[in-house]
Amino acid sequence: MVRFNQQSLLRVVGLSALVVALTASAPVLAQTSPFLTGATALQSNILAWLTPIAIILVMVLGAMAMANRMSWGWCIGAIIGIAIAFGASQIVTWIRGMFGV
């Protein structure tokens, strides 16, 4: 039967704690950055506000086109603006893929 004195028991406990600390640190380092989390929250908040504004804009442009009171440049600009606003994340992903970032 093996007997442990207090000093050897402390060594075993200390070594066990070190092994646990070293193996548990990998998931801690795998967290996302706070900037990315904040940017994602800001993007979703902007899109939540922009959705009803874009719907109202399309309705107003349709009414103005029906009344023949607008330039078609405004309509094309609004369509391009809505496409950029709602497709921003895909555009950024596409550009980052082009440059290998």
# chains A, B, ... in the order shown; residues from 1 in each chain; ligands from 1
>>> residues_around(residues="segment 60-64 of chain A", least_positions_apart="6", cutoff="9 Å", atoms="only C-alpha atoms", output="MDAnalysis selection string")
chainID A and resid 70 74:75 78
>>> residues_around(residues="segment 89-100 of chain A", least_positions_apart="5", cutoff="12 Å", atoms="only C-alpha atoms", output="VMD selection string")
chain A and resid 39 to 40 43 to 44 47 83 to 84
>>> select_by_dssp(residues="chain A", states="helix (DSSP H, G or I)", output="ChimeraX atom specification")
/A:6-29,34-66,72-86,88-99
>>> write_last_selection(atoms="C-alpha atoms", output="JSON list (two decimals), in the first residue's frame")
[["chain", "number", "residue", "atom", "x", "y", "z"],
["A", 6, "GLN", "CA", 1.35, 15.93, 2.86],
["A", 7, "GLN", "CA", 4.09, 17.28, 0.59],
["A", 8, "SER", "CA", 3.66, 14.61, -2.08],
["A", 9, "LEU", "CA", -0.12, 15.00, -1.91],
["A", 10, "LEU", "CA", 0.25, 18.73, -2.55],
["A", 11, "ARG", "CA", 2.51, 17.98, -5.51],
["A", 12, "VAL", "CA", -0.06, 15.63, -7.03],
["A", 13, "VAL", "CA", -2.87, 18.15, -6.51],
["A", 14, "GLY", "CA", -0.73, 20.97, -7.91],
["A", 15, "LEU", "CA", 0.26, 18.95, -10.95],
["A", 16, "SER", "CA", -3.39, 17.99, -11.54],
["A", 17, "ALA", "CA", -4.42, 21.63, -11.29],
["A", 18, "LEU", "CA", -1.71, 22.62, -13.77],
["A", 19, "VAL", "CA", -2.84, 19.99, -16.27],
["A", 20, "VAL", "CA", -6.47, 21.11, -15.95],
["A", 21, "ALA", "CA", -5.48, 24.77, -16.33],
["A", 22, "LEU", "CA", -3.42, 24.09, -19.45],
["A", 23, "THR", "CA", -6.10, 22.00, -21.13],
["A", 24, "ALA", "CA", -8.95, 24.32, -20.21],
["A", 25, "SER", "CA", -7.26, 27.44, -21.59],
["A", 26, "ALA", "CA", -7.74, 26.45, -25.24],
["A", 27, "PRO", "CA", -11.54, 27.05, -25.28],
["A", 28, "VAL", "CA", -11.02, 30.38, -23.53],
["A", 29, "LEU", "CA", -8.70, 31.56, -26.28],
["A", 34, "PRO", "CA", -15.57, 41.96, -28.68],
["A", 35, "PHE", "CA", -15.24, 44.24, -31.71],
["A", 36, "LEU", "CA", -16.73, 41.61, -34.01],
["A", 37, "THR", "CA", -19.60, 40.98, -31.59],
["A", 38, "GLY", "CA", -20.35, 44.70, -31.35],
["A", 39, "ALA", "CA", -20.09, 45.20, -35.11],
["A", 40, "THR", "CA", -22.49, 42.31, -35.72],
["A", 41, "ALA", "CA", -24.98, 43.74, -33.23],
["A", 42, "LEU", "CA", -24.70, 47.18, -34.84],
["A", 43, "GLN", "CA", -25.24, 45.71, -38.29],
["A", 44, "SER", "CA", -28.36, 43.83, -37.24],
["A", 45, "ASN", "CA", -29.69, 46.93, -35.47],
["A", 46, "ILE", "CA", -29.15, 49.10, -38.56],
["A", 47, "LEU", "CA", -30.86, 46.51, -40.76],
["A", 48, "ALA", "CA", -33.79, 46.38, -38.35],
["A", 49, "TRP", "CA", -34.22, 50.14, -38.71],
["A", 50, "LEU", "CA", -33.54, 50.17, -42.44],
["A", 51, "THR", "CA", -36.12, 47.55, -43.40],
["A", 52, "PRO", "CA", -39.27, 49.65, -42.80],
["A", 53, "ILE", "CA", -37.55, 52.74, -44.22],
["A", 54, "ALA", "CA", -36.73, 50.86, -47.43],
["A", 55, "ILE", "CA", -40.31, 49.60, -47.69],
["A", 56, "ILE", "CA", -41.70, 53.10, -47.29],
["A", 57, "LEU", "CA", -39.16, 54.44, -49.81],
["A", 58, "VAL", "CA", -40.23, 51.89, -52.43],
["A", 59, "MET", "CA", -43.90, 52.78, -51.81],
["A", 60, "VAL", "CA", -43.19, 56.52, -52.20],
["A", 61, "LEU", "CA", -41.15, 55.95, -55.34],
["A", 62, "GLY", "CA", -43.94, 53.84, -56.79],
["A", 63, "ALA", "CA", -46.52, 56.52, -56.04],
["A", 64, "MET", "CA", -44.29, 59.21, -57.54],
["A", 65, "ALA", "CA", -43.69, 57.09, -60.66],
["A", 66, "MET", "CA", -47.42, 56.48, -60.96],
["A", 72, "TRP", "CA", -35.80, 57.64, -63.00],
["A", 73, "GLY", "CA", -32.34, 58.40, -61.64],
["A", 74, "TRP", "CA", -33.90, 58.59, -58.15],
["A", 75, "CYS", "CA", -35.46, 55.18, -58.65],
["A", 76, "ILE", "CA", -32.23, 53.59, -59.85],
["A", 77, "GLY", "CA", -30.30, 55.25, -57.00],
["A", 78, "ALA", "CA", -32.78, 53.94, -54.45],
["A", 79, "ILE", "CA", -32.56, 50.40, -55.85],
["A", 80, "ILE", "CA", -28.74, 50.48, -55.79],
["A", 81, "GLY", "CA", -28.75, 51.95, -52.25],
["A", 82, "ILE", "CA", -31.10, 49.26, -50.96],
["A", 83, "ALA", "CA", -29.01, 46.54, -52.63],
["A", 84, "ILE", "CA", -25.82, 47.89, -51.04],
["A", 85, "ALA", "CA", -27.41, 48.31, -47.61],
["A", 86, "PHE", "CA", -28.91, 44.83, -47.44],
["A", 88, "ALA", "CA", -23.21, 44.71, -47.36],
["A", 89, "SER", "CA", -22.05, 41.57, -45.57],
["A", 90, "GLN", "CA", -22.01, 39.56, -48.81],
["A", 91, "ILE", "CA", -20.13, 42.38, -50.58],
["A", 92, "VAL", "CA", -17.51, 42.51, -47.81],
["A", 93, "THR", "CA", -17.12, 38.71, -47.92],
["A", 94, "TRP", "CA", -16.71, 38.83, -51.69],
["A", 95, "ILE", "CA", -14.07, 41.59, -51.57],
["A", 96, "ARG", "CA", -12.16, 39.86, -48.76],
["A", 97, "GLY", "CA", -12.19, 36.67, -50.82],
["A", 98, "MET", "CA", -10.77, 38.51, -53.84],
["A", 99, "PHE", "CA", -7.77, 39.72, -51.83]]
